[in-house]
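Trainee: Here it is, the structure, as structure tokens.
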Amino acid sequence: MDEIIKKIVGGGAAVLLIGGTSFMISQADVANNFAEETGMDQQQAQEYVENAQGDLESFEDVGQDYIDDGNEVLANANGLDCVNYMYDWESDALNCETGRAQLLDIGAKEVALGECFVSLGGDLGDVVRSKIQECIEKIDAMMATLEYAIVPVLIGTEYLTEMRHSNAYNKSVLRAALDAEN
């Protein structure tokens, strides 16, 4: 699948295999969707899409990364000791219990998104479009957690921006597939 994705980003239109179904999508459609998702102008979006081609992985690999990261976030959240310890990220605006609840939600949504992405690597038959839509909804849910107060404190604003762009890119590809005739 990596080679198929690289051809899409490299120019023109290409076939993308998702859930065992082929979708003809174009780089322009992905860039248009990405501009809409991020608020970038068309040129910035086009440049991002073109530059992303060296970093592409299959949805299965991206999904496994989300599952692994989400499980790590869940383990860390469950390991917090809010009674006996004060963490350096705590403040008047963000107490330990709130931070833990946010981390638990982030971790759960990462795992759910990862599982959805992994499923796109299988043969989904007639439910492929509904599964793509489900993954788009899970991307939106994951993106909403990036607004939590604990996120910039723990990962920094630069990495947060890249996470937003990565999620927006994946969503843009999936939207292009949904809009395509297969």
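Numbering starts fresh at 1 for the residues of each chain in the structure tokens, the chains themselves are lettered A, B, ... in the order given, and ligands are numbered from 1 as they appear.
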At a cut-off of 8 Å, using only C-alpha atoms, what residues contact Val62 in chain A? Leave out same-chain residues fewer than 6 positions from it and give the result as an MDAnalysis selection string.

Mentor: chainID A and resid 114 117:118

Trainee: Within 10 Å of Ala144 in chain A, counting only C-alpha atoms, which residues qualify if same-chain residues fewer than 3 places away don't, as a VMD selection string?

Mentor: chain A and resid 106 109 138 to 141 147 to 148 164

Trainee: Go ahead and save the residues from that selection, with C-alpha atoms, as a PDB file, in the first residue's frame.

Mentor:
```pdb
ATOM      1  CA  ILE A 106      -6.986  10.662  24.897  1.00  0.00           C
ATOM      2  CA  LYS A 109      -9.607   7.605  21.547  1.00  0.00           C
ATOM      3  CA  LYS A 138     -12.697   8.796  15.108  1.00  0.00           C
ATOM      4  CA  ILE A 139     -10.113  11.233  13.698  1.00  0.00           C
ATOM      5  CA  ASP A 140     -12.472  14.081  14.621  1.00  0.00           C
ATOM      6  CA  ALA A 141     -12.874  12.651  18.136  1.00  0.00           C
ATOM      7  CA  GLU A 147      -7.736  20.765  22.776  1.00  0.00           C
ATOM      8  CA  TYR A 148      -7.387  19.422  26.319  1.00  0.00           C
ATOM      9  CA  ARG A 164      -3.009  18.069  14.055  1.00  0.00           C
TER      10      ARG A 164
END
```

Trainee: Which of these, A:Leu146, A:Leu17, A:Ala112, A:Ala168, has the shortest distance to Asp65 in chain A once you count only C-alpha atoms?

Mentor: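 Result for the nearest residue to Asp65 in chain A: A:Ala112.
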
Trainee: Would you list the contacts of Ala75 in chain A as a list of chain:residue names, taking every protein, DNA or RNA residue within 12 Å and counting only C-alpha atoms, but skipping same-chain residues closer than 2 positions in sequence?

Mentor: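 My list of contacting residues is A:Asp68, A:Asp69, A:Gly70, A:Asn71, A:Glu72, A:Val73, A:Ala77, A:Asn78, A:Gly79, A:Leu80, A:Arg100, A:Leu103, A:Leu104, A:Ile106, A:Gly107, A:Ala108.
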
Trainee: Export, as a short mmCIF file (atom, residue, chain, number, x, y, z; two decimals), in the first residue's frame, the selected residues with C-alpha atoms.

Mentor:
```cif
data_model
loop_
_atom_site.label_atom_id
_atom_site.label_comp_id
_atom_site.auth_asym_id
_atom_site.auth_seq_id
_atom_site.Cartn_x
_atom_site.Cartn_y
_atom_site.Cartn_z
CA ASP A 68 0.67 1.51 20.99
CA ASP A 69 0.68 5.21 21.89
CA GLY A 70 -2.87 5.04 23.25
CA ASN A 71 -2.05 2.05 25.44
CA GLU A 72 1.02 3.88 26.76
CA VAL A 73 -1.08 6.97 27.56
CA ALA A 77 -2.77 7.81 33.30
CA ASN A 78 -3.63 4.75 35.37
CA GLY A 79 -0.25 5.03 37.10
CA LEU A 80 -0.79 8.59 38.30
CA ARG A 100 -5.84 11.96 34.50
CA LEU A 103 -5.30 11.35 29.52
CA LEU A 104 -7.70 8.44 29.87
CA ILE A 106 -6.99 10.66 24.90
CA GLY A 107 -5.64 7.13 25.29
CA ALA A 108 -9.03 5.51 24.66
#
```

Trainee: Counting only C-alpha atoms, figure out which residue out of A:Glu90, A:His165, A:Ala13, A:Leu174 gets nearest to Met40 in chain A.

Mentor: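 Of A:Glu90, A:His165, A:Ala13, A:Leu174, the one nearest Met40 in chain A is A:His165, counting only C-alpha atoms.
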
Trainee: Which one is closest to Glu115 in chain A: A:Asp29, A:Glu162, A:Glu134, A:Glu37? Count only C-alpha atoms.

Mentor: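 Smallest separation from Glu115 in chain A among the options: A:Glu134.
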
Trainee: Contacts of Cys135 in chain A at 12 Å or less, counting only C-alpha atoms, minus same-chain residues fewer than 5 places along, as a PyMOL selection string?

Mentor: chain A and resi 18-19+59+63+109-120+128-130+140-142+167+170-175+178

Trainee: Which of these residues is nearest to Leu94 in chain A, using only C-alpha atoms: A:Ala31, A:Ala177, A:Val153, A:Tyr169?

Mentor: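 Looking only at the distances to Leu94 in chain A, the closest residue turns out to be A:Val153.
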
Trainee: I need the residues of range 97-134 of chain A that end up classed as alpha helix (DSSP H) by DSSP on the backbone, written out as a VMD selection string.

Mentor: chain A and resid 97 to 119 128 to 134

Trainee: Could you please take those selected residues and save N, CA, C and O atoms as a short mmCIF file (atom, residue, chain, number, x, y, z; two decimals), in the first residue's frame?

Mentor:
```
data_model
loop_
_atom_site.label_atom_id
_atom_site.label_comp_id
_atom_site.auth_asym_id
_atom_site.auth_seq_id
_atom_site.Cartn_x
_atom_site.Cartn_y
_atom_site.Cartn_z
N GLU A 97 -6.52 15.13 38.95
CA GLU A 97 -7.69 14.34 38.56
C GLU A 97 -8.20 14.73 37.17
O GLU A 97 -8.56 13.86 36.37
N THR A 98 -8.22 16.02 36.89
CA THR A 98 -8.64 16.48 35.56
C THR A 98 -7.65 16.00 34.51
O THR A 98 -8.04 15.52 33.44
N GLY A 99 -6.36 16.13 34.80
CA GLY A 99 -5.33 15.66 33.88
C GLY A 99 -5.44 14.17 33.61
O GLY A 99 -5.33 13.72 32.47
N ARG A 100 -5.69 13.41 34.66
CA ARG A 100 -5.84 11.96 34.50
C ARG A 100 -7.05 11.64 33.61
O ARG A 100 -6.97 10.81 32.71
N ALA A 101 -8.17 12.31 33.87
CA ALA A 101 -9.38 12.07 33.07
C ALA A 101 -9.13 12.42 31.61
O ALA A 101 -9.56 11.69 30.70
N GLN A 102 -8.42 13.51 31.37
CA GLN A 102 -8.10 13.88 29.99
C GLN A 102 -7.19 12.84 29.34
O GLN A 102 -7.41 12.45 28.20
N LEU A 103 -6.20 12.37 30.07
CA LEU A 103 -5.30 11.35 29.52
C LEU A 103 -6.02 10.05 29.23
O LEU A 103 -5.76 9.40 28.21
N LEU A 104 -6.93 9.66 30.11
CA LEU A 104 -7.70 8.44 29.87
C LEU A 104 -8.55 8.56 28.60
O LEU A 104 -8.64 7.62 27.81
N ASP A 105 -9.14 9.72 28.40
CA ASP A 105 -9.94 9.94 27.19
C ASP A 105 -9.06 9.95 25.94
O ASP A 105 -9.39 9.33 24.93
N ILE A 106 -7.92 10.63 26.03
CA ILE A 106 -6.99 10.66 24.90
C ILE A 106 -6.55 9.24 24.54
O ILE A 106 -6.59 8.84 23.38
N GLY A 107 -6.11 8.49 25.54
CA GLY A 107 -5.64 7.13 25.29
C GLY A 107 -6.71 6.25 24.67
O GLY A 107 -6.45 5.50 23.72
N ALA A 108 -7.93 6.33 25.20
CA ALA A 108 -9.03 5.51 24.66
C ALA A 108 -9.33 5.89 23.22
O ALA A 108 -9.56 5.01 22.37
N LYS A 109 -9.31 7.16 22.92
CA LYS A 109 -9.61 7.61 21.55
C LYS A 109 -8.47 7.26 20.59
O LYS A 109 -8.71 6.95 19.43
N GLU A 110 -7.24 7.28 21.08
CA GLU A 110 -6.11 6.85 20.24
C GLU A 110 -6.23 5.37 19.89
O GLU A 110 -6.02 4.98 18.73
N VAL A 111 -6.54 4.56 20.87
CA VAL A 111 -6.69 3.11 20.63
C VAL A 111 -7.83 2.87 19.65
O VAL A 111 -7.70 2.09 18.69
N ALA A 112 -8.97 3.53 19.85
CA ALA A 112 -10.12 3.34 18.96
C ALA A 112 -9.79 3.75 17.53
O ALA A 112 -10.13 3.05 16.57
N LEU A 113 -9.10 4.88 17.37
CA LEU A 113 -8.70 5.32 16.03
C LEU A 113 -7.71 4.33 15.42
O LEU A 113 -7.83 3.96 14.25
N GLY A 114 -6.77 3.89 16.22
CA GLY A 114 -5.80 2.91 15.72
C GLY A 114 -6.45 1.63 15.24
O GLY A 114 -6.11 1.10 14.18
N GLU A 115 -7.40 1.13 16.01
CA GLU A 115 -8.10 -0.09 15.61
C GLU A 115 -8.88 0.13 14.31
O GLU A 115 -8.93 -0.76 13.46
N CYS A 116 -9.45 1.31 14.15
CA CYS A 116 -10.18 1.61 12.93
C CYS A 116 -9.22 1.62 11.74
O CYS A 116 -9.49 1.04 10.70
N PHE A 117 -8.07 2.30 11.91
CA PHE A 117 -7.08 2.34 10.83
C PHE A 117 -6.59 0.94 10.46
O PHE A 117 -6.47 0.60 9.28
N VAL A 118 -6.30 0.13 11.46
CA VAL A 118 -5.83 -1.24 11.20
C VAL A 118 -6.86 -2.00 10.39
O VAL A 118 -6.53 -2.74 9.46
N SER A 119 -8.14 -1.81 10.70
CA SER A 119 -9.20 -2.53 9.97
C SER A 119 -9.23 -2.16 8.49
O SER A 119 -9.70 -2.96 7.67
N VAL A 128 -16.88 -1.05 3.35
CA VAL A 128 -15.67 -0.24 3.32
C VAL A 128 -15.97 1.25 3.48
O VAL A 128 -15.30 1.95 4.23
N ARG A 129 -16.98 1.74 2.80
CA ARG A 129 -17.30 3.18 2.89
C ARG A 129 -17.77 3.56 4.29
O ARG A 129 -17.40 4.61 4.81
N SER A 130 -18.55 2.72 4.92
CA SER A 130 -19.00 3.03 6.28
C SER A 130 -17.82 2.96 7.26
O SER A 130 -17.77 3.74 8.22
N LYS A 131 -16.87 2.07 7.02
CA LYS A 131 -15.69 1.98 7.88
C LYS A 131 -14.80 3.21 7.68
O LYS A 131 -14.26 3.75 8.65
N ILE A 132 -14.66 3.66 6.45
CA ILE A 132 -13.90 4.89 6.20
C ILE A 132 -14.56 6.06 6.93
O ILE A 132 -13.87 6.85 7.60
N GLN A 133 -15.88 6.16 6.84
CA GLN A 133 -16.60 7.23 7.54
C GLN A 133 -16.40 7.11 9.05
O GLN A 133 -16.21 8.11 9.74
N GLU A 134 -16.42 5.90 9.57
CA GLU A 134 -16.18 5.67 10.99
C GLU A 134 -14.79 6.17 11.39
O GLU A 134 -14.62 6.81 12.43
#
```

Trainee: Mind checking which residues fall within 10 Å of Val49 in chain A, counting only C-alpha atoms, ignoring those fewer than 5 positions away in the same chain, and posting them as a short mmCIF file (atom, residue, chain, number, x, y, z; two decimals) with N, CA and C atoms, in the first residue's frame?

Mentor:
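The new file part_16.cif reads:
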```cif
data_model
loop_
_atom_site.label_atom_id
_atom_site.label_comp_id
_atom_site.auth_asym_id
_atom_site.auth_seq_id
_atom_site.Cartn_x
_atom_site.Cartn_y
_atom_site.Cartn_z
N ILE A 8 0.11 8.59 -5.31
CA ILE A 8 -0.93 9.61 -5.20
C ILE A 8 -0.32 10.94 -4.88
N VAL A 9 0.53 10.94 -3.88
CA VAL A 9 1.13 12.18 -3.44
C VAL A 9 2.10 12.71 -4.48
N GLY A 10 2.75 11.79 -5.20
CA GLY A 10 3.74 12.20 -6.19
C GLY A 10 3.16 12.93 -7.37
N GLN A 27 -4.16 13.99 -5.97
CA GLN A 27 -3.41 14.83 -5.06
C GLN A 27 -4.14 16.14 -4.83
N ALA A 28 -4.75 16.68 -5.86
CA ALA A 28 -5.48 17.94 -5.74
C ALA A 28 -6.65 17.81 -4.77
N VAL A 30 -6.86 15.67 -2.25
CA VAL A 30 -6.28 15.56 -0.91
C VAL A 30 -5.85 16.94 -0.43
N ALA A 31 -5.20 17.72 -1.29
CA ALA A 31 -4.75 19.06 -0.91
C ALA A 31 -5.93 19.98 -0.60
N ASN A 32 -6.99 19.90 -1.40
CA ASN A 32 -8.19 20.71 -1.13
C ASN A 32 -8.80 20.35 0.22
N PHE A 34 -7.24 18.98 2.71
CA PHE A 34 -6.29 19.36 3.75
C PHE A 34 -6.37 20.86 4.04
N ALA A 35 -6.50 21.66 3.01
CA ALA A 35 -6.65 23.11 3.19
C ALA A 35 -7.91 23.41 4.01
N GLN A 43 -1.93 26.93 -1.57
CA GLN A 43 -0.51 26.69 -1.85
C GLN A 43 0.17 26.00 -0.67
N GLN A 44 -0.11 26.46 0.55
CA GLN A 44 0.48 25.83 1.73
C GLN A 44 0.02 24.36 1.84
N TYR A 169 -4.23 15.28 7.55
CA TYR A 169 -3.80 14.64 6.30
C TYR A 169 -4.49 13.29 6.12
N SER A 172 -7.97 13.81 5.23
CA SER A 172 -8.07 14.32 3.85
C SER A 172 -7.98 13.20 2.83
N VAL A 173 -7.09 12.26 3.06
CA VAL A 173 -6.97 11.10 2.17
C VAL A 173 -8.25 10.27 2.21
#
```

Trainee: Between A:Ile155, A:Ala176, A:Ile150, A:Gly125, single out the one closest to Gly20 in chain A, counting only C-alpha atoms.

Mentor: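 For Gly20 in chain A, the nearest of the given residues is A:Gly125.
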
Trainee: Would you mind telling me which residue in A:Asp61, A:Val15, A:Met163, A:Leu154 lies nearest to Asp88 in chain A when using only C-alpha atoms?

Mentor: A:Leu154

Trainee: CA of Leu16 in chain A to CA of Tyr66 in chain A: how many Å, to one decimal?

Mentor: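 About the pair CA of Leu16 in chain A and CA of Tyr66 in chain A: they are 21.2 Å apart.
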